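Enquirer: Hey, dropping coords32.cif in here, mmCIF, C-alpha atoms:
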data_entry
#
loop_
_atom_site.group_PDB
_atom_site.id
_atom_site.type_symbol
_atom_site.label_atom_id
_atom_site.label_comp_id
_atom_site.auth_asym_id
_atom_site.auth_seq_id
_atom_site.Cartn_x
_atom_site.Cartn_y
_atom_site.Cartn_z
ATOM 1 C CA MET A 1 7.576 26.955 6.219
ATOM 2 C CA GLY A 2 6.785 24.185 8.689
ATOM 3 C CA ARG A 3 5.164 24.584 12.075
ATOM 4 C CA PRO A 4 5.455 22.187 15.046
ATOM 5 C CA THR A 5 1.729 21.491 14.946
ATOM 6 C CA SER A 6 1.309 21.341 11.173
ATOM 7 C CA TYR A 7 0.759 18.236 9.061
ATOM 8 C CA SER A 8 3.042 15.705 7.489
ATOM 9 C CA ARG A 9 1.889 13.746 4.442
ATOM 10 C CA THR A 10 2.169 10.266 3.042
ATOM 11 C CA ILE A 11 1.217 9.133 -0.470
ATOM 12 C CA PRO A 12 1.012 5.345 -0.804
ATOM 13 C CA PRO A 13 0.522 4.378 -4.474
ATOM 14 C CA LEU A 14 -1.803 1.442 -5.100
ATOM 15 C CA THR A 15 -1.592 -0.576 -8.302
ATOM 16 C CA ILE A 16 -4.814 -1.063 -10.261
ATOM 17 C CA ARG A 17 -4.650 -3.676 -12.979
ATOM 18 C CA SER A 18 -6.859 -4.426 -15.909
ATOM 19 C CA VAL A 19 -7.831 -7.913 -14.796
ATOM 20 C CA GLY A 20 -10.457 -7.816 -12.109
ATOM 21 C CA TYR A 21 -10.774 -4.040 -12.145
ATOM 22 C CA LEU A 22 -10.576 -1.942 -15.317
ATOM 23 C CA ALA A 23 -11.562 -4.702 -17.727
ATOM 24 C CA ALA A 24 -14.325 -5.936 -15.473
ATOM 25 C CA THR A 25 -17.836 -4.745 -14.768
ATOM 26 C CA GLY A 26 -18.446 -6.260 -11.352
ATOM 27 C CA ALA A 27 -17.894 -4.871 -7.890
ATOM 28 C CA ALA A 28 -14.404 -5.480 -6.491
ATOM 29 C CA ASN A 29 -12.214 -4.300 -3.659
ATOM 30 C CA LEU A 30 -8.748 -2.959 -4.254
ATOM 31 C CA VAL A 31 -8.108 -2.785 -0.518
ATOM 32 C CA LEU A 32 -10.494 -4.272 2.031
ATOM 33 C CA SER A 33 -10.437 -2.994 5.604
ATOM 34 C CA LYS A 34 -6.795 -2.096 5.975
ATOM 35 C CA THR A 35 -6.024 -0.934 9.509
ATOM 36 C CA LEU A 36 -4.578 2.555 9.406
ATOM 37 C CA GLY A 37 -2.943 2.521 12.827
ATOM 38 C CA PHE A 38 -2.710 6.284 13.120
ATOM 39 C CA ALA A 39 -5.128 9.188 12.989
ATOM 40 C CA CYS A 40 -5.149 10.966 9.637
ATOM 41 C CA GLU A 41 -7.228 12.733 7.049
ATOM 42 C CA LEU A 42 -7.592 11.892 3.387
ATOM 43 C CA GLU A 43 -6.495 15.017 1.561
ATOM 44 C CA ARG A 44 -6.267 14.098 -2.109
ATOM 45 C CA VAL A 45 -7.311 11.318 -4.515
ATOM 46 C CA GLU A 46 -5.583 10.970 -7.879
ATOM 47 C CA ALA A 47 -5.153 8.351 -10.569
ATOM 48 C CA VAL A 48 -2.131 8.260 -12.863
ATOM 49 C CA THR A 49 -2.490 6.316 -16.111
ATOM 50 C CA ARG A 50 0.130 3.572 -16.419
ATOM 51 C CA VAL A 51 -1.388 1.424 -19.177
ATOM 52 C CA VAL A 52 -3.538 2.987 -21.881
ATOM 53 C CA ALA A 53 -7.166 1.895 -21.980
ATOM 54 C CA THR A 54 -8.347 0.957 -25.448
ATOM 55 C CA THR A 55 -12.122 1.008 -25.331
ATOM 56 C CA ALA A 56 -14.369 3.554 -23.651
ATOM 57 C CA GLY A 57 -15.387 2.394 -20.222
ATOM 58 C CA SER A 58 -16.216 4.030 -16.942
ATOM 59 C CA ARG A 59 -15.237 2.830 -13.495
ATOM 60 C CA VAL A 60 -15.851 4.674 -10.259
ATOM 61 C CA ILE A 61 -13.569 4.150 -7.279
ATOM 62 C CA ASN A 62 -14.845 4.842 -3.778
ATOM 63 C CA ILE A 63 -12.492 5.427 -0.866
ATOM 64 C CA ARG A 64 -14.307 4.352 2.282
ATOM 65 C CA ASN A 65 -13.765 4.646 6.002
ATOM 66 C CA GLY A 66 -14.475 1.114 7.212
ATOM 67 C CA THR A 67 -15.609 -1.891 5.251
ATOM 68 C CA ALA A 68 -16.998 -2.069 1.718
ATOM 69 C CA THR A 69 -20.159 -0.363 2.988
ATOM 70 C CA GLY A 70 -18.421 2.272 5.124
ATOM 71 C CA THR A 71 -18.692 6.040 4.732
ATOM 72 C CA ILE A 72 -17.377 7.344 1.420
ATOM 73 C CA VAL A 73 -14.544 9.794 2.097
ATOM 74 C CA GLY A 74 -13.344 10.195 -1.467
ATOM 75 C CA THR A 75 -14.212 9.198 -4.992
ATOM 76 C CA ILE A 76 -12.773 9.272 -8.487
ATOM 77 C CA THR A 77 -14.114 8.279 -11.891
ATOM 78 C CA LEU A 78 -11.937 6.701 -14.549
ATOM 79 C CA ALA A 79 -13.053 7.537 -18.091
ATOM 80 C CA ILE A 80 -11.477 7.044 -21.496
ATOM 81 C CA ALA A 81 -10.560 10.728 -21.675
ATOM 82 C CA THR A 82 -8.122 10.345 -18.798
ATOM 83 C CA GLN A 83 -7.212 6.702 -19.288
ATOM 84 C CA GLY A 84 -6.261 7.095 -22.934
ATOM 85 C CA VAL A 85 -2.908 8.822 -22.405
ATOM 86 C CA LEU A 86 0.022 7.594 -20.325
ATOM 87 C CA GLY A 87 0.928 9.726 -17.343
ATOM 88 C CA VAL A 88 -2.228 11.782 -17.212
ATOM 89 C CA VAL A 89 -3.215 12.677 -13.654
ATOM 90 C CA ASN A 90 -6.930 12.427 -12.984
ATOM 91 C CA ALA A 91 -8.070 14.230 -9.821
ATOM 92 C CA GLY A 92 -10.927 12.941 -7.703
ATOM 93 C CA THR A 93 -12.839 14.506 -4.852
ATOM 94 C CA VAL A 94 -12.622 14.259 -1.074
ATOM 95 C CA THR A 95 -15.736 14.585 1.052
ATOM 96 C CA ALA A 96 -16.248 16.410 4.339
ATOM 97 C CA ASN A 97 -16.080 13.153 6.346
ATOM 98 C CA ASN A 98 -12.444 12.536 5.565
ATOM 99 C CA TYR A 99 -11.108 12.043 9.119
ATOM 100 C CA SER A 100 -9.999 8.594 10.295
ATOM 101 C CA THR A 101 -8.889 7.569 13.754
ATOM 102 C CA ASP A 102 -6.115 5.041 14.303
ATOM 103 C CA SER A 103 -8.664 2.270 14.845
ATOM 104 C CA ASP A 104 -10.510 2.961 11.608
ATOM 105 C CA THR A 105 -9.919 0.971 8.459
ATOM 106 C CA LEU A 106 -9.501 1.890 4.828
ATOM 107 C CA THR A 107 -11.342 0.285 1.939
ATOM 108 C CA VAL A 108 -10.910 1.103 -1.737
ATOM 109 C CA GLU A 109 -13.902 -0.244 -3.613
ATOM 110 C CA PHE A 110 -15.050 -0.487 -7.238
ATOM 111 C CA PRO A 111 -18.837 -0.592 -7.590
ATOM 112 C CA THR A 112 -20.255 -2.076 -10.775
ATOM 113 C CA GLY A 113 -19.469 -0.131 -13.951
ATOM 114 C CA THR A 114 -18.598 -0.302 -17.630
ATOM 115 C CA ALA A 115 -15.472 -2.231 -18.538
ATOM 116 C CA PHE A 116 -12.439 -0.962 -20.418
ATOM 117 C CA THR A 117 -10.736 -3.540 -22.608
ATOM 118 C CA ALA A 118 -7.309 -2.805 -21.137
ATOM 119 C CA GLY A 119 -5.708 -0.256 -18.885
ATOM 120 C CA GLY A 120 -3.801 0.247 -15.706
ATOM 121 C CA VAL A 121 -3.604 2.928 -13.042
ATOM 122 C CA GLU A 122 -1.623 3.974 -10.004
ATOM 123 C CA LEU A 123 -4.056 5.297 -7.434
ATOM 124 C CA LEU A 124 -2.394 7.947 -5.281
ATOM 125 C CA LEU A 125 -4.021 8.688 -1.934
ATOM 126 C CA THR A 126 -2.549 11.589 0.009
ATOM 127 C CA PHE A 127 -3.071 11.384 3.753
ATOM 128 C CA ARG A 128 -2.123 14.111 6.191
ATOM 129 C CA ASP A 129 -1.422 13.466 9.853
ATOM 130 C CA ARG A 130 -0.153 15.356 12.845
ATOM 131 C CA ASN A 131 2.629 14.160 15.096
ATOM 132 C CA GLN A 132 1.251 11.568 17.488
ATOM 133 C CA LEU A 133 2.434 8.887 19.847
ATOM 134 C CA ALA A 134 2.840 5.256 18.834
ATOM 135 C CA VAL A 135 -0.191 2.988 19.369
ATOM 136 C CA MET B 136 -6.212 6.535 20.044
ATOM 137 C CA PRO B 137 -2.663 7.886 19.927
ATOM 138 C CA ARG B 138 -2.489 11.234 21.633
ATOM 139 C CA LEU B 139 -1.370 14.085 19.424
ATOM 140 C CA ALA B 140 2.051 15.197 20.562
ATOM 141 C CA PRO B 141 4.355 17.890 19.148
ATOM 142 C CA PHE B 142 7.281 15.496 19.439
ATOM 143 C CA GLY B 143 5.398 12.388 18.422
ATOM 144 C CA TYR B 144 5.707 10.444 15.179
ATOM 145 C CA SER B 145 4.637 11.149 11.659
ATOM 146 C CA ARG B 146 3.963 8.225 9.333
ATOM 147 C CA ASN B 147 4.863 7.295 5.802
ATOM 148 C CA ILE B 148 3.331 4.366 3.912
ATOM 149 C CA VAL B 149 5.587 3.056 1.162
ATOM 150 C CA SER B 150 4.148 0.742 -1.487
ATOM 151 C CA PHE B 151 6.129 -1.818 -3.494
ATOM 152 C CA THR B 152 4.490 -3.637 -6.391
ATOM 153 C CA VAL B 153 5.349 -7.342 -6.383
ATOM 154 C CA PRO B 154 4.495 -9.137 -9.652
ATOM 155 C CA PHE B 155 4.342 -12.874 -10.178
ATOM 156 C CA THR B 156 7.327 -13.082 -12.486
ATOM 157 C CA GLY B 157 10.602 -13.265 -10.630
ATOM 158 C CA TYR B 158 9.116 -13.524 -7.162
ATOM 159 C CA LEU B 159 6.307 -15.971 -6.615
ATOM 160 C CA THR B 160 8.068 -19.064 -7.859
ATOM 161 C CA VAL B 161 10.635 -20.577 -5.497
ATOM 162 C CA VAL B 162 13.654 -18.436 -6.094
ATOM 163 C CA ALA B 163 15.781 -16.072 -4.044
ATOM 164 C CA ALA B 164 14.989 -12.535 -5.138
ATOM 165 C CA ASN B 165 15.058 -9.000 -3.811
ATOM 166 C CA VAL B 166 12.223 -6.518 -4.266
ATOM 167 C CA CYS B 167 14.549 -3.832 -2.977
ATOM 168 C CA LEU B 168 18.244 -4.300 -2.198
ATOM 169 C CA SER B 169 20.031 -1.959 0.194
ATOM 170 C CA LYS B 170 17.946 1.142 -0.376
ATOM 171 C CA SER B 171 19.448 3.997 1.607
ATOM 172 C CA VAL B 172 17.179 5.258 4.393
ATOM 173 C CA PRO B 173 18.652 8.683 5.027
ATOM 174 C CA PHE B 174 16.566 9.461 8.076
ATOM 175 C CA ALA B 175 16.001 7.699 11.375
ATOM 176 C CA CYS B 176 12.733 5.775 11.455
ATOM 177 C CA GLU B 177 11.017 2.664 12.716
ATOM 178 C CA LEU B 178 9.141 0.032 10.777
ATOM 179 C CA GLU B 179 5.664 -0.001 12.300
ATOM 180 C CA ARG B 180 3.508 -2.162 10.034
ATOM 181 C CA VAL B 181 3.928 -4.705 7.221
ATOM 182 C CA GLU B 182 0.971 -5.608 5.013
ATOM 183 C CA VAL B 183 0.217 -7.251 1.687
ATOM 184 C CA VAL B 184 -2.773 -6.291 -0.475
ATOM 185 C CA THR B 185 -3.715 -8.821 -3.139
ATOM 186 C CA THR B 186 -3.854 -7.322 -6.644
ATOM 187 C CA THR B 187 -3.827 -10.585 -8.639
ATOM 188 C CA VAL B 188 -5.463 -13.719 -7.275
ATOM 189 C CA GLY B 189 -2.910 -16.366 -6.337
ATOM 190 C CA THR B 190 -3.031 -19.915 -7.674
ATOM 191 C CA GLY B 191 -0.871 -23.003 -7.114
ATOM 192 C CA SER B 192 -1.196 -26.083 -4.947
ATOM 193 C CA GLY B 193 -0.167 -25.331 -1.376
ATOM 194 C CA ALA B 194 1.636 -22.193 -2.476
ATOM 195 C CA THR B 195 3.476 -20.184 0.181
ATOM 196 C CA ARG B 196 6.245 -17.605 0.034
ATOM 197 C CA ALA B 197 7.809 -15.629 2.883
ATOM 198 C CA ILE B 198 9.060 -12.057 2.575
ATOM 199 C CA ASN B 199 11.663 -10.620 4.900
ATOM 200 C CA ILE B 200 12.111 -6.911 5.554
ATOM 201 C CA ARG B 201 15.728 -6.452 6.533
ATOM 202 C CA ASN B 202 17.833 -3.697 8.004
ATOM 203 C CA GLY B 203 20.901 -3.746 5.788
ATOM 204 C CA ILE B 204 21.770 -6.064 2.928
ATOM 205 C CA ALA B 205 20.153 -9.381 2.011
ATOM 206 C CA THR B 206 21.620 -10.955 5.147
ATOM 207 C CA GLY B 207 20.823 -8.064 7.480
ATOM 208 C CA THR B 208 18.708 -8.180 10.627
ATOM 209 C CA ILE B 209 15.081 -9.075 9.983
ATOM 210 C CA ALA B 210 12.869 -6.140 10.971
ATOM 211 C CA GLY B 211 9.615 -7.617 9.737
ATOM 212 C CA THR B 212 8.138 -10.493 7.845
ATOM 213 C CA VAL B 213 4.964 -11.507 6.067
ATOM 214 C CA THR B 214 3.969 -14.772 4.426
ATOM 215 C CA VAL B 215 1.734 -14.993 1.382
ATOM 216 C CA THR B 216 -0.180 -18.235 0.990
ATOM 217 C CA LEU B 217 -2.710 -19.709 -1.384
ATOM 218 C CA THR B 218 -5.353 -18.996 1.260
ATOM 219 C CA ASN B 219 -4.629 -15.334 1.914
ATOM 220 C CA GLN B 220 -4.034 -14.555 -1.778
ATOM 221 C CA GLY B 221 -7.341 -15.971 -2.956
ATOM 222 C CA THR B 222 -9.375 -12.747 -3.072
ATOM 223 C CA LEU B 223 -8.613 -9.355 -4.603
ATOM 224 C CA GLY B 224 -8.153 -6.546 -2.110
ATOM 225 C CA VAL B 225 -7.638 -8.701 0.958
ATOM 226 C CA VAL B 226 -5.113 -7.273 3.411
ATOM 227 C CA THR B 227 -2.650 -9.745 4.942
ATOM 228 C CA ALA B 228 -0.863 -8.445 7.994
ATOM 229 C CA GLY B 229 2.721 -9.428 8.743
ATOM 230 C CA THR B 230 4.768 -9.012 11.878
ATOM 231 C CA VAL B 231 7.328 -6.460 12.975
ATOM 232 C CA THR B 232 10.280 -7.438 15.148
ATOM 233 C CA THR B 233 10.650 -4.952 17.973
ATOM 234 C CA ALA B 234 13.025 -7.054 20.112
ATOM 235 C CA ALA B 235 16.492 -5.526 20.307
ATOM 236 C CA ASN B 236 15.153 -2.587 18.299
ATOM 237 C CA ALA B 237 15.333 -4.654 15.119
ATOM 238 C CA ASN B 238 12.699 -2.404 13.527
ATOM 239 C CA ARG B 239 14.697 0.767 14.142
ATOM 240 C CA PHE B 240 16.664 2.243 11.241
ATOM 241 C CA GLY B 241 19.420 4.787 11.724
ATOM 242 C CA ALA B 242 20.114 7.525 9.211
ATOM 243 C CA GLY B 243 22.943 5.460 7.690
ATOM 244 C CA ASP B 244 21.065 2.172 7.483
ATOM 245 C CA THR B 245 19.633 0.536 4.386
ATOM 246 C CA LEU B 246 16.422 -1.333 3.611
ATOM 247 C CA THR B 247 16.210 -4.690 1.856
ATOM 248 C CA ILE B 248 13.069 -6.629 0.960
ATOM 249 C CA GLU B 249 13.985 -10.220 0.304
ATOM 250 C CA PHE B 250 12.298 -13.418 -0.836
ATOM 251 C CA PRO B 251 14.350 -16.359 0.493
ATOM 252 C CA ASN B 252 14.821 -19.431 -1.691
ATOM 253 C CA ALA B 253 12.192 -21.468 0.152
ATOM 254 C CA GLY B 254 8.503 -22.229 0.147
ATOM 255 C CA THR B 255 6.136 -23.556 -2.481
ATOM 256 C CA ALA B 256 5.633 -21.882 -5.846
ATOM 257 C CA PHE B 257 2.556 -20.007 -6.950
ATOM 258 C CA THR B 258 1.466 -20.385 -10.577
ATOM 259 C CA ALA B 259 -0.057 -16.892 -10.649
ATOM 260 C CA GLY B 260 -0.475 -13.978 -8.274
ATOM 261 C CA GLY B 261 0.688 -10.503 -7.412
ATOM 262 C CA PHE B 262 0.320 -7.928 -4.684
ATOM 263 C CA ASP B 263 1.270 -4.566 -3.271
ATOM 264 C CA LEU B 264 3.550 -4.641 -0.222
ATOM 265 C CA LEU B 265 2.755 -1.746 2.125
ATOM 266 C CA LEU B 266 5.362 -0.760 4.699
ATOM 267 C CA THR B 267 4.417 1.845 7.300
ATOM 268 C CA PHE B 268 7.333 3.752 8.778
ATOM 269 C CA ARG B 269 7.179 6.239 11.629
ATOM 270 C CA ASP B 270 9.729 8.952 12.177
ATOM 271 C CA LYS B 271 10.205 12.035 14.316
ATOM 272 C CA ASN B 272 11.036 15.480 13.035
ATOM 273 C CA GLN B 273 14.749 15.687 12.327
ATOM 274 C CA SER B 274 17.234 17.796 10.508
ATOM 275 C CA PRO B 275 18.457 16.905 7.010
ATOM 276 C CA VAL B 276 21.436 14.562 6.935
#
Go through the file and emit its structure as structure tokens.

Expert:
Amino acid sequence: MGRPTSYSRTIPPLTIRSVGYLAATGAANLVLSKTLGFACELERVEAVTRVVATTAGSRVINIRNGTATGTIVGTITLAIATQGVLGVVNAGTVTANNYSTDSDTLTVEFPTGTAFTAGGVELLLTFRDRNQLAV
Amino acid sequence: MPRLAPFGYSRNIVSFTVPFTGYLTVVAANVCLSKSVPFACELERVEVVTTTVGTGSGATRAINIRNGIATGTIAGTVTVTLTNQGTLGVVTAGTVTTAANANRFGAGDTLTIEFPNAGTAFTAGGFDLLLTFRDKNQSPV
């Protein structure tokens, strides 16, 4: 049951393609320094397989507060075990520094890793926020 | 920062995947046509995140966020160009029209995301369109 001072949630899905991300080995940004515009906390990180990966790879995704070198607030690892079946939900982890103010920015970053030969993912980030005034 | 307030806004970020095919050549097309918005809310932010690098000489395409059908009031707009679509992950901010409360949706209004038949074609590209809405606690319709 809701409370006046409890949280609401938003889950923006972000598309991760093979080209440039899953079938690549280099560092890349999925989102670079997106202004949030409201205070919130990252609550959950999940990846849902949309296109099956065909060769064993491993790509880590870091959710950062700030730029591509900002504090890591969440992370998830994509492996063939989870990327080999459509619809599988792969859960990541959220760190203790998961609070963002309205002036903070969000970056979703791939460090270097081992490439898949195909694949595709929807990255689901769940943010929780309390009622607040407009900026 | 925004002060926490029991009767303030909560936010919802909605993502629409926009592929190259059907949208980034010069053609009139809708990403979303007259989606019912069954709660009162305001469009607060319009952004594009590049997911496929754009190519094409002088390419540029505008996107209109409309309240209503494909000819409804423009509540926001963003323009993708060869320049801002050149790097994966880059966030391109659009504008929201607050004059005359154009960004305010009533519980019976609809949302349309429209590419007008204008601009210069890309030869490749793709992005996620992120729309941030704010709403206040309200009863079910």

Enquirer: Restrict the calculation to only C-alpha atoms, then for each residue of stretch 209-259 of chain B with any atom at most 12 Å from an atom of stretch 66-77 of chain A give the closest atom pair and their distance in Å to one decimal, rows by chain and rising residue number, as CSV.

Expert:
residue,atom,partner,partner_atom,distance
B:Gly224,CA,A:Ala68,CA,10.6
B:Val225,CA,A:Thr67,CA,11.3
B:Val226,CA,A:Thr67,CA,11.9

Enquirer: Would you kindly return, as an MDAnalysis selection string, each protein, DNA or RNA residue with an atom no farther than 6 Å from any atom of stretch 101-117 of chain A, considering only C-alpha atoms and excluding same-chain residues fewer than 3 positions away?

Expert: (chainID A and resid 22:39 54:59 61:67) or (chainID B and resid 136)

Enquirer: Taking C-alpha atoms for each residue, export the selection above as a short mmCIF file (atom, residue, chain, number, x, y, z; two decimals), keeping the file's coordinate frame.

Expert:
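Now in out-v6.cif:
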data_model
loop_
_atom_site.label_atom_id
_atom_site.label_comp_id
_atom_site.auth_asym_id
_atom_site.auth_seq_id
_atom_site.Cartn_x
_atom_site.Cartn_y
_atom_site.Cartn_z
CA LEU A 22 -10.58 -1.94 -15.32
CA ALA A 23 -11.56 -4.70 -17.73
CA ALA A 24 -14.32 -5.94 -15.47
CA THR A 25 -17.84 -4.74 -14.77
CA GLY A 26 -18.45 -6.26 -11.35
CA ALA A 27 -17.89 -4.87 -7.89
CA ALA A 28 -14.40 -5.48 -6.49
CA ASN A 29 -12.21 -4.30 -3.66
CA LEU A 30 -8.75 -2.96 -4.25
CA VAL A 31 -8.11 -2.78 -0.52
CA LEU A 32 -10.49 -4.27 2.03
CA SER A 33 -10.44 -2.99 5.60
CA LYS A 34 -6.80 -2.10 5.98
CA THR A 35 -6.02 -0.93 9.51
CA LEU A 36 -4.58 2.56 9.41
CA GLY A 37 -2.94 2.52 12.83
CA PHE A 38 -2.71 6.28 13.12
CA ALA A 39 -5.13 9.19 12.99
CA THR A 54 -8.35 0.96 -25.45
CA THR A 55 -12.12 1.01 -25.33
CA ALA A 56 -14.37 3.55 -23.65
CA GLY A 57 -15.39 2.39 -20.22
CA SER A 58 -16.22 4.03 -16.94
CA ARG A 59 -15.24 2.83 -13.50
CA ILE A 61 -13.57 4.15 -7.28
CA ASN A 62 -14.84 4.84 -3.78
CA ILE A 63 -12.49 5.43 -0.87
CA ARG A 64 -14.31 4.35 2.28
CA ASN A 65 -13.76 4.65 6.00
CA GLY A 66 -14.48 1.11 7.21
CA THR A 67 -15.61 -1.89 5.25
CA MET B 136 -6.21 6.54 20.04
#

Enquirer: Expand the PyMOL selection byres ((chain B) within 12 of (chain A)) into the individual residues it matches in the shown file, reporting them as a ChimeraX atom specification.

Expert: /B:136-154,177-188,222-228,260-273

Enquirer: Nearest to A:Val85 among A:Ala118, A:Ala53, A:Leu125, A:Val60, with distances taken over all atoms listed in the file: which residue is it?

Expert: A:Ala53

Enquirer: What would the selection look like, as a list in words, if the PyMOL selection byres ((chain A and resi 86-92) around 8) were run on the coordinates I just shared?

Expert: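 This file, filtered by the PyMOL selection byres ((chain A and resi 86-92) around 8), leaves Arg44, Val45, Glu46, Ala47, Val48, Thr49, Arg50, Val51, Val52, Gly74, Thr75, Ile76, Thr77, Leu78, Thr82, Gln83, Gly84, Val85, Thr93 and Val94 of chain A.
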
Enquirer: Using only C-alpha atoms, which residues sit within 9 Å of B:Phe174 once same-chain residues fewer than 5 positions away are excluded, as an mmCIF file with C-alpha atoms, in the frame of the given file?

Expert:
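Heads up, here's the output in selection.cif:
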data_model
loop_
_atom_site.group_PDB
_atom_site.id
_atom_site.type_symbol
_atom_site.label_atom_id
_atom_site.label_comp_id
_atom_site.auth_asym_id
_atom_site.auth_seq_id
_atom_site.Cartn_x
_atom_site.Cartn_y
_atom_site.Cartn_z
ATOM 1 C CA PHE B 240 16.664 2.243 11.241
ATOM 2 C CA GLY B 241 19.420 4.787 11.724
ATOM 3 C CA ALA B 242 20.114 7.525 9.211
ATOM 4 C CA GLY B 243 22.943 5.460 7.690
ATOM 5 C CA ASP B 244 21.065 2.172 7.483
ATOM 6 C CA ASP B 270 9.729 8.952 12.177
ATOM 7 C CA GLN B 273 14.749 15.687 12.327
ATOM 8 C CA SER B 274 17.234 17.796 10.508
ATOM 9 C CA PRO B 275 18.457 16.905 7.010
ATOM 10 C CA VAL B 276 21.436 14.562 6.935
#

Enquirer: Centre and edge lengths, as lines of an AutoDock Vina configuration file, for the axis-aligned box enclosing every listed atom of stretch 234-253 of chain B with 8 Å of padding on each of the six sides, in Å to one decimal?

Expert:
center_x = 17.6
center_y = -7.0
center_z = 9.3
size_x = 26.8
size_y = 45.0
size_z = 38.0

Enquirer: Name every residue that the PyMOL selection byres ((chain B and resi 212) around 10) selects in this structure, writing the answer as an mmCIF file with C-alpha atoms, keeping the file's coordinate frame with chains first and numbers rising.

Expert:
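Everything below was put into part_39.cif:
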data_model
loop_
_atom_site.group_PDB
_atom_site.id
_atom_site.type_symbol
_atom_site.label_atom_id
_atom_site.label_comp_id
_atom_site.auth_asym_id
_atom_site.auth_seq_id
_atom_site.Cartn_x
_atom_site.Cartn_y
_atom_site.Cartn_z
ATOM 1 C CA ARG B 180 3.508 -2.162 10.034
ATOM 2 C CA VAL B 181 3.928 -4.705 7.221
ATOM 3 C CA GLU B 182 0.971 -5.608 5.013
ATOM 4 C CA ALA B 197 7.809 -15.629 2.883
ATOM 5 C CA ILE B 198 9.060 -12.057 2.575
ATOM 6 C CA ASN B 199 11.663 -10.620 4.900
ATOM 7 C CA ILE B 200 12.111 -6.911 5.554
ATOM 8 C CA ARG B 201 15.728 -6.452 6.533
ATOM 9 C CA ILE B 209 15.081 -9.075 9.983
ATOM 10 C CA ALA B 210 12.869 -6.140 10.971
ATOM 11 C CA GLY B 211 9.615 -7.617 9.737
ATOM 12 C CA VAL B 213 4.964 -11.507 6.067
ATOM 13 C CA THR B 214 3.969 -14.772 4.426
ATOM 14 C CA ALA B 228 -0.863 -8.445 7.994
ATOM 15 C CA GLY B 229 2.721 -9.428 8.743
ATOM 16 C CA THR B 230 4.768 -9.012 11.878
ATOM 17 C CA VAL B 231 7.328 -6.460 12.975
ATOM 18 C CA THR B 232 10.280 -7.438 15.148
ATOM 19 C CA ILE B 248 13.069 -6.629 0.960
ATOM 20 C CA GLU B 249 13.985 -10.220 0.304
#

Enquirer: Quick one: distance from atom CA of B:Ala205 to atom CA of B:Asn165 in Å, one decimal?

Expert: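 Those two atoms sit 7.7 Å apart.
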
Enquirer: What does the structure give for the distance between atom CA of B:Gly221 and atom CA of B:Thr190, in Å to one decimal?

Expert: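 Pair atom CA of B:Gly221 / atom CA of B:Thr190 returns 7.5 Å.
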
Enquirer: Check the smallest atom-to-atom distance from each of B:Thr208, B:Thr258, B:Thr216, B:Ser192 to B:Thr233 using all atoms listed in the file, then report the winner.

Expert: B:Thr208
